>>> print(open('upload.txt').read())   # compact mmCIF, C-alpha atoms and all ligand atoms
# COMPACT_ATOMS: atom_id res chain seq x y z
CA MET A 1 17.71 -22.06 -9.90
CA ALA A 2 15.23 -22.03 -12.70
CA VAL A 3 12.26 -19.77 -12.12
CA LYS A 4 9.28 -20.77 -14.14
CA LYS A 5 6.69 -18.62 -15.78
CA LEU A 6 3.38 -18.57 -13.93
CA SER A 7 0.69 -20.81 -15.31
CA LYS A 8 -2.78 -19.60 -16.24
CA SER A 9 -4.28 -21.06 -13.07
CA GLN A 10 -1.57 -19.46 -10.95
CA LEU A 11 -2.32 -16.09 -12.56
CA GLU A 12 -6.01 -16.57 -11.85
CA TYR A 13 -5.16 -17.40 -8.26
CA TYR A 14 -3.12 -14.21 -7.84
CA LEU A 15 -5.76 -12.14 -9.60
CA GLN A 16 -8.29 -13.35 -7.07
CA ILE A 17 -5.97 -12.61 -4.14
CA LEU A 18 -5.23 -9.14 -5.48
CA GLN A 19 -8.90 -8.35 -6.03
CA GLU A 20 -9.75 -9.47 -2.50
CA GLU A 21 -6.89 -7.36 -1.15
CA ARG A 22 -8.07 -4.40 -3.22
CA ASP A 23 -11.59 -4.70 -1.80
CA ARG A 24 -10.17 -4.84 1.69
CA VAL A 25 -8.00 -1.76 1.16
CA ILE A 26 -10.89 0.18 -0.41
CA LYS A 27 -13.03 -0.59 2.64
CA SER A 28 -10.22 0.47 4.91
CA VAL A 29 -9.69 3.70 2.93
CA ASN A 30 -13.40 4.52 3.16
CA GLY A 31 -13.44 3.83 6.89
CA ILE A 32 -10.39 5.93 7.62
CA SER A 33 -11.65 8.78 5.40
CA GLU A 34 -14.83 8.87 7.50
CA THR A 35 -12.79 8.96 10.71
CA ILE A 36 -10.66 11.80 9.38
CA LYS A 37 -13.73 13.73 8.24
CA MET A 38 -15.31 13.35 11.66
CA GLY A 39 -12.08 14.28 13.40
CA THR A 40 -11.60 17.37 11.25
CA LYS A 41 -15.16 18.46 11.90
CA GLU A 42 -14.57 18.19 15.63
CA LEU A 43 -11.35 20.13 15.42
CA SER A 44 -12.76 22.92 13.29
CA GLY A 45 -16.10 22.99 15.12
CA ASP A 46 -17.30 25.99 17.10
CA ALA A 47 -15.11 27.19 19.95
CA SER A 48 -17.36 25.74 22.65
CA SER A 49 -16.65 22.20 21.46
CA PHE A 50 -12.89 22.63 21.64
CA PRO A 51 -11.19 20.49 24.23
CA LEU A 52 -10.40 22.54 27.31
CA HIS A 53 -6.93 21.24 27.76
CA LEU A 54 -4.24 21.80 25.21
CA ALA A 55 -3.05 18.26 25.83
CA ASP A 56 -6.36 16.91 24.57
CA LEU A 57 -6.10 18.98 21.44
CA ALA A 58 -2.59 17.74 20.82
CA THR A 59 -3.80 14.16 21.14
CA ASP A 60 -6.56 14.81 18.64
CA ASN A 61 -4.07 16.28 16.21
CA GLU A 62 -1.76 13.36 16.71
CA ASN A 63 -4.57 10.95 15.96
CA LEU A 64 -5.45 12.91 12.87
CA ASP A 65 -1.84 12.84 11.68
CA MET A 66 -1.71 9.14 12.34
CA ASN A 67 -4.92 8.54 10.44
CA ILE A 68 -3.73 10.64 7.52
CA SER A 69 -0.43 8.82 7.22
CA PHE A 70 -2.30 5.51 7.52
CA LEU A 71 -4.65 6.68 4.77
CA ASN A 72 -1.70 7.61 2.57
CA ARG A 73 -0.14 4.21 3.11
CA GLU A 74 -3.38 2.47 2.20
CA LEU A 75 -3.82 4.62 -0.92
CA GLU A 76 -0.25 3.81 -1.93
CA LYS A 77 -0.99 0.12 -1.44
CA LEU A 78 -4.17 0.43 -3.50
CA LYS A 79 -2.15 1.94 -6.34
CA VAL A 80 0.38 -0.89 -6.20
CA ILE A 81 -2.40 -3.51 -6.13
CA ASN A 82 -4.11 -1.92 -9.13
CA GLN A 83 -0.82 -1.90 -11.01
CA ALA A 84 -0.34 -5.59 -10.22
CA ILE A 85 -3.86 -6.37 -11.47
CA ASN A 86 -3.06 -4.45 -14.67
CA ARG A 87 0.12 -6.47 -15.07
CA ILE A 88 -1.91 -9.67 -14.89
CA HIS A 89 -4.12 -8.40 -17.71
CA GLU A 90 -1.10 -7.23 -19.70
CA LYS A 91 0.61 -10.58 -19.09
CA SER A 92 3.64 -8.98 -17.50
CA TYR A 93 2.76 -10.09 -13.98
CA GLY A 94 5.47 -11.95 -12.10
CA ILE A 95 8.25 -10.38 -14.17
CA CYS A 96 10.65 -7.96 -12.51
CA GLU A 97 10.10 -4.51 -13.99
CA ILE A 98 13.77 -3.68 -13.64
CA CYS A 99 15.79 -6.71 -14.73
CA GLY A 100 13.04 -8.56 -16.63
CA GLU A 101 13.61 -11.83 -14.77
CA TYR A 102 10.74 -13.90 -13.41
CA ILE A 103 9.99 -13.14 -9.78
CA PRO A 104 10.19 -16.39 -7.76
CA GLU A 105 6.75 -17.60 -6.76
CA GLY A 106 7.76 -17.75 -3.11
CA ARG A 107 8.08 -13.97 -3.18
CA LEU A 108 4.73 -13.48 -4.92
CA ARG A 109 3.07 -15.67 -2.33
CA ILE A 110 4.22 -13.29 0.40
CA LEU A 111 3.86 -10.13 -1.68
CA PRO A 112 1.36 -10.71 -4.49
CA TYR A 113 1.81 -7.12 -5.70
CA ALA A 114 5.60 -7.29 -5.92
CA SER A 115 6.79 -5.76 -9.18
CA GLN A 116 10.50 -6.30 -8.61
CA CYS A 117 12.61 -9.28 -7.69
CA VAL A 118 14.31 -9.31 -4.30
CA ILE A 119 17.68 -8.24 -5.68
CA CYS A 120 16.34 -5.22 -7.60
CA ARG A 121 14.02 -4.32 -4.75
CA SER A 122 16.76 -4.12 -2.15
CA ARG A 123 18.96 -2.21 -4.58
CA GLU A 124 16.14 0.31 -5.15
CA GLU A 125 15.49 0.61 -1.44
CA LYS A 126 19.10 1.43 -0.75
CA LYS A 127 19.03 4.08 -3.47
CA GLN A 128 15.83 5.63 -2.18
CA ARG A 129 16.98 5.63 1.42
CA LYS A 130 19.93 7.74 0.42
CA VAL A 131 17.73 10.31 -1.30
CA HIS A 132 15.08 10.68 1.39
CA ASN A 133 13.25 8.75 4.04
CA PHE A 134 11.44 6.33 1.86
CA ARG A 135 8.10 5.17 3.20
CA GLU A 136 8.13 1.42 3.41
CA ILE A 137 4.95 -0.06 1.98
CA GLU A 138 5.81 -3.70 1.92
ZN ZN A 201 14.98 -7.74 -10.87
>>> encode(input="upload.txt", output="structure tokens")
Amino acid sequence: MAVKKLSKSQLEYYLQILQEERDRVIKSVNGISETIKMGTKELSGDASSFPLHLADLATDNENLDMNISFLNRELEKLKVINQAINRIHEKSYGICEICGEYIPEGRLRILPYASQCVICRSREEKKQRKVHNFREIE
């Protein structure tokens, strides 16, 4: 199966997709940061504003935790998107960073910020899962 190098118009297409995705993630990061800020203010507000029931407080904390882990995931995604955009500019986009083979376009269509081919990716995932609970971002 011959995997071809991406053409200039294909690169432009992916650049556009990545930039749109980056804008979306930035908006989402800003939104969630606001929510966290508001939530933290409520939690650390004066004693009279504290929820009366411990259960309520626990729910608030759970939401905060959820928002923070969501924020971290989005920030991680933003980093990966920015790296992919850099690779387009450096003309290394679409090439697996581990084995140096071209990443099939079918994979880029699903995951425009993929930096590894499927084989290397699953190998890496297996490695990382052994070390610690790797957060899945794809
Ligand atoms: Zn590879």
>>> residues_near_ligand(input="upload.txt", ligand="ligand ZN 201 (chain A)", cutoff="7 Å", atoms="only C-alpha atoms and all ligand atoms", output="list in words")
Cys96, Glu97, Ile98, Cys99, Gly100, Glu101, Gln116, Cys117, Val118, Ile119 and Cys120 of chain A
>>> atom_distance(input="upload.txt", atom1="atom CA of Gly39 of chain A", atom2="atom CA of Ala58 of chain A")
12.5 Å
>>> closest_residue(input="upload.txt", among="A:Pro104, A:Tyr13, A:Leu64, A:Arg22", to="Met38 of chain A", atoms="all atoms listed in the file")
A:Leu64
>>> residues_near_point(input="upload.txt", point="(-3.8, 9.3, 10.5)", cutoff="12 Å", atoms="all atoms listed in the file", output="compact mmCIF listing (two decimals) with C-alpha atoms, keeping the file's coordinate frame")
# COMPACT_ATOMS: atom_id res chain seq x y z
CA VAL A 29 -9.69 3.70 2.93
CA GLY A 31 -13.44 3.83 6.89
CA ILE A 32 -10.39 5.93 7.62
CA SER A 33 -11.65 8.78 5.40
CA GLU A 34 -14.83 8.87 7.50
CA THR A 35 -12.79 8.96 10.71
CA ILE A 36 -10.66 11.80 9.38
CA LYS A 37 -13.73 13.73 8.24
CA GLY A 39 -12.08 14.28 13.40
CA THR A 40 -11.60 17.37 11.25
CA THR A 59 -3.80 14.16 21.14
CA ASP A 60 -6.56 14.81 18.64
CA ASN A 61 -4.07 16.28 16.21
CA GLU A 62 -1.76 13.36 16.71
CA ASN A 63 -4.57 10.95 15.96
CA LEU A 64 -5.45 12.91 12.87
CA ASP A 65 -1.84 12.84 11.68
CA MET A 66 -1.71 9.14 12.34
CA ASN A 67 -4.92 8.54 10.44
CA ILE A 68 -3.73 10.64 7.52
CA SER A 69 -0.43 8.82 7.22
CA PHE A 70 -2.30 5.51 7.52
CA LEU A 71 -4.65 6.68 4.77
CA ASN A 72 -1.70 7.61 2.57
CA ARG A 73 -0.14 4.21 3.11
CA GLU A 74 -3.38 2.47 2.20
>>> closest_residue(input="upload.txt", among="A:Leu78, A:Leu6, A:Lys91, A:Leu111", to="Ser28 of chain A", atoms="all atoms listed in the file")
A:Leu78
>>> atom_distance(input="upload.txt", atom1="atom CA of Arg24 of chain A", atom2="atom CA of Glu125 of chain A")
26.4 Å
>>> residues_near_point(input="upload.txt", point="(-0.3, -2.7, -10.6)", cutoff="12 Å", atoms="only C-alpha atoms", output="PDB file with C-alpha atoms, in the frame of the given file")
ATOM      1  CA  LEU A  15      -5.760 -12.140  -9.600  1.00  0.00           C
ATOM      2  CA  LEU A  18      -5.230  -9.140  -5.480  1.00  0.00           C
ATOM      3  CA  GLN A  19      -8.900  -8.350  -6.030  1.00  0.00           C
ATOM      4  CA  ARG A  22      -8.070  -4.400  -3.220  1.00  0.00           C
ATOM      5  CA  GLU A  76      -0.250   3.810  -1.930  1.00  0.00           C
ATOM      6  CA  LYS A  77      -0.990   0.120  -1.440  1.00  0.00           C
ATOM      7  CA  LEU A  78      -4.170   0.430  -3.500  1.00  0.00           C
ATOM      8  CA  LYS A  79      -2.150   1.940  -6.340  1.00  0.00           C
ATOM      9  CA  VAL A  80       0.380  -0.890  -6.200  1.00  0.00           C
ATOM     10  CA  ILE A  81      -2.400  -3.510  -6.130  1.00  0.00           C
ATOM     11  CA  ASN A  82      -4.110  -1.920  -9.130  1.00  0.00           C
ATOM     12  CA  GLN A  83      -0.820  -1.900 -11.010  1.00  0.00           C
ATOM     13  CA  ALA A  84      -0.340  -5.590 -10.220  1.00  0.00           C
ATOM     14  CA  ILE A  85      -3.860  -6.370 -11.470  1.00  0.00           C
ATOM     15  CA  ASN A  86      -3.060  -4.450 -14.670  1.00  0.00           C
ATOM     16  CA  ARG A  87       0.120  -6.470 -15.070  1.00  0.00           C
ATOM     17  CA  ILE A  88      -1.910  -9.670 -14.890  1.00  0.00           C
ATOM     18  CA  HIS A  89      -4.120  -8.400 -17.710  1.00  0.00           C
ATOM     19  CA  GLU A  90      -1.100  -7.230 -19.700  1.00  0.00           C
ATOM     20  CA  LYS A  91       0.610 -10.580 -19.090  1.00  0.00           C
ATOM     21  CA  SER A  92       3.640  -8.980 -17.500  1.00  0.00           C
ATOM     22  CA  TYR A  93       2.760 -10.090 -13.980  1.00  0.00           C
ATOM     23  CA  GLY A  94       5.470 -11.950 -12.100  1.00  0.00           C
ATOM     24  CA  GLU A  97      10.100  -4.510 -13.990  1.00  0.00           C
ATOM     25  CA  PRO A 112       1.360 -10.710  -4.490  1.00  0.00           C
ATOM     26  CA  TYR A 113       1.810  -7.120  -5.700  1.00  0.00           C
ATOM     27  CA  ALA A 114       5.600  -7.290  -5.920  1.00  0.00           C
ATOM     28  CA  SER A 115       6.790  -5.760  -9.180  1.00  0.00           C
ATOM     29  CA  GLN A 116      10.500  -6.300  -8.610  1.00  0.00           C
TER      30      GLN A 116
END
>>> build_atoms(input="upload.txt", residues="segment 56-89 of chain A", atoms="N, CA and C atoms", output="mmCIF file, in the coordinates of the input")
data_model
loop_
_atom_site.group_PDB
_atom_site.id
_atom_site.type_symbol
_atom_site.label_atom_id
_atom_site.label_comp_id
_atom_site.auth_asym_id
_atom_site.auth_seq_id
_atom_site.Cartn_x
_atom_site.Cartn_y
_atom_site.Cartn_z
ATOM 1 N N ASP A 56 -5.332 17.638 25.307
ATOM 2 C CA ASP A 56 -6.360 16.910 24.570
ATOM 3 C C ASP A 56 -6.308 17.247 23.092
ATOM 4 N N LEU A 57 -6.140 18.530 22.828
ATOM 5 C CA LEU A 57 -6.100 18.980 21.440
ATOM 6 C C LEU A 57 -4.913 18.352 20.724
ATOM 7 N N ALA A 58 -3.789 18.326 21.416
ATOM 8 C CA ALA A 58 -2.590 17.740 20.820
ATOM 9 C C ALA A 58 -2.828 16.270 20.485
ATOM 10 N N THR A 59 -3.514 15.566 21.393
ATOM 11 C CA THR A 59 -3.800 14.160 21.140
ATOM 12 C C THR A 59 -4.675 13.996 19.913
ATOM 13 N N ASP A 60 -5.682 14.865 19.811
ATOM 14 C CA ASP A 60 -6.560 14.810 18.640
ATOM 15 C C ASP A 60 -5.768 15.019 17.362
ATOM 16 N N ASN A 61 -4.883 16.003 17.395
ATOM 17 C CA ASN A 61 -4.070 16.280 16.210
ATOM 18 C C ASN A 61 -3.151 15.115 15.878
ATOM 19 N N GLU A 62 -2.622 14.507 16.923
ATOM 20 C CA GLU A 62 -1.760 13.360 16.710
ATOM 21 C C GLU A 62 -2.533 12.223 16.047
ATOM 22 N N ASN A 63 -3.741 11.989 16.559
ATOM 23 C CA ASN A 63 -4.570 10.950 15.960
ATOM 24 C C ASN A 63 -4.859 11.248 14.505
ATOM 25 N N LEU A 64 -5.142 12.508 14.236
ATOM 26 C CA LEU A 64 -5.450 12.910 12.870
ATOM 27 C C LEU A 64 -4.240 12.660 11.969
ATOM 28 N N ASP A 65 -3.072 13.074 12.439
ATOM 29 C CA ASP A 65 -1.840 12.840 11.680
ATOM 30 C C ASP A 65 -1.641 11.361 11.421
ATOM 31 N N MET A 66 -1.892 10.572 12.464
ATOM 32 C CA MET A 66 -1.710 9.140 12.340
ATOM 33 C C MET A 66 -2.669 8.567 11.300
ATOM 34 N N ASN A 67 -3.922 9.029 11.394
ATOM 35 C CA ASN A 67 -4.920 8.540 10.440
ATOM 36 C C ASN A 67 -4.570 8.948 9.016
ATOM 37 N N ILE A 68 -4.071 10.165 8.861
ATOM 38 C CA ILE A 68 -3.730 10.640 7.520
ATOM 39 C C ILE A 68 -2.563 9.849 6.951
ATOM 40 N N SER A 69 -1.560 9.573 7.772
ATOM 41 C CA SER A 69 -0.430 8.820 7.220
ATOM 42 C C SER A 69 -0.844 7.368 6.959
ATOM 43 N N PHE A 70 -1.756 6.854 7.785
ATOM 44 C CA PHE A 70 -2.300 5.510 7.520
ATOM 45 C C PHE A 70 -3.071 5.506 6.203
ATOM 46 N N LEU A 71 -3.872 6.561 6.000
ATOM 47 C CA LEU A 71 -4.650 6.680 4.770
ATOM 48 C C LEU A 71 -3.711 6.720 3.555
ATOM 49 N N ASN A 72 -2.656 7.513 3.669
ATOM 50 C CA ASN A 72 -1.700 7.610 2.570
ATOM 51 C C ASN A 72 -1.054 6.276 2.253
ATOM 52 N N ARG A 73 -0.739 5.532 3.320
ATOM 53 C CA ARG A 73 -0.140 4.210 3.110
ATOM 54 C C ARG A 73 -1.113 3.293 2.394
ATOM 55 N N GLU A 74 -2.384 3.333 2.818
ATOM 56 C CA GLU A 74 -3.380 2.470 2.200
ATOM 57 C C GLU A 74 -3.611 2.853 0.738
ATOM 58 N N LEU A 75 -3.630 4.166 0.457
ATOM 59 C CA LEU A 75 -3.820 4.620 -0.920
ATOM 60 C C LEU A 75 -2.656 4.181 -1.800
ATOM 61 N N GLU A 76 -1.452 4.241 -1.222
ATOM 62 C CA GLU A 76 -0.250 3.810 -1.930
ATOM 63 C C GLU A 76 -0.348 2.320 -2.246
ATOM 64 N N LYS A 77 -0.840 1.560 -1.258
ATOM 65 C CA LYS A 77 -0.990 0.120 -1.440
ATOM 66 C C LYS A 77 -2.022 -0.168 -2.532
ATOM 67 N N LEU A 78 -3.114 0.608 -2.509
ATOM 68 C CA LEU A 78 -4.170 0.430 -3.500
ATOM 69 C C LEU A 78 -3.617 0.637 -4.906
ATOM 70 N N LYS A 79 -2.765 1.648 -5.048
ATOM 71 C CA LYS A 79 -2.150 1.940 -6.340
ATOM 72 C C LYS A 79 -1.305 0.756 -6.811
ATOM 73 N N VAL A 80 -0.507 0.233 -5.886
ATOM 74 C CA VAL A 80 0.380 -0.890 -6.200
ATOM 75 C C VAL A 80 -0.431 -2.136 -6.566
ATOM 76 N N ILE A 81 -1.540 -2.357 -5.840
ATOM 77 C CA ILE A 81 -2.400 -3.510 -6.130
ATOM 78 C C ILE A 81 -3.021 -3.366 -7.512
ATOM 79 N N ASN A 82 -3.521 -2.155 -7.807
ATOM 80 C CA ASN A 82 -4.110 -1.920 -9.130
ATOM 81 C C ASN A 82 -3.101 -2.134 -10.243
ATOM 82 N N GLN A 83 -1.873 -1.702 -10.002
ATOM 83 C CA GLN A 83 -0.820 -1.900 -11.010
ATOM 84 C C GLN A 83 -0.566 -3.389 -11.222
ATOM 85 N N ALA A 84 -0.574 -4.149 -10.111
ATOM 86 C CA ALA A 84 -0.340 -5.590 -10.220
ATOM 87 C C ALA A 84 -1.473 -6.251 -11.005
ATOM 88 N N ILE A 85 -2.716 -5.813 -10.738
ATOM 89 C CA ILE A 85 -3.860 -6.370 -11.470
ATOM 90 C C ILE A 85 -3.721 -6.043 -12.966
ATOM 91 N N ASN A 86 -3.302 -4.820 -13.266
ATOM 92 C CA ASN A 86 -3.060 -4.450 -14.670
ATOM 93 C C ASN A 86 -2.006 -5.333 -15.310
ATOM 94 N N ARG A 87 -0.953 -5.632 -14.521
ATOM 95 C CA ARG A 87 0.120 -6.470 -15.070
ATOM 96 C C ARG A 87 -0.384 -7.864 -15.392
ATOM 97 N N ILE A 88 -1.341 -8.361 -14.582
ATOM 98 C CA ILE A 88 -1.910 -9.670 -14.890
ATOM 99 C C ILE A 88 -2.618 -9.607 -16.239
ATOM 100 N N HIS A 89 -3.400 -8.540 -16.446
ATOM 101 C CA HIS A 89 -4.120 -8.400 -17.710
ATOM 102 C C HIS A 89 -3.168 -8.187 -18.892
#
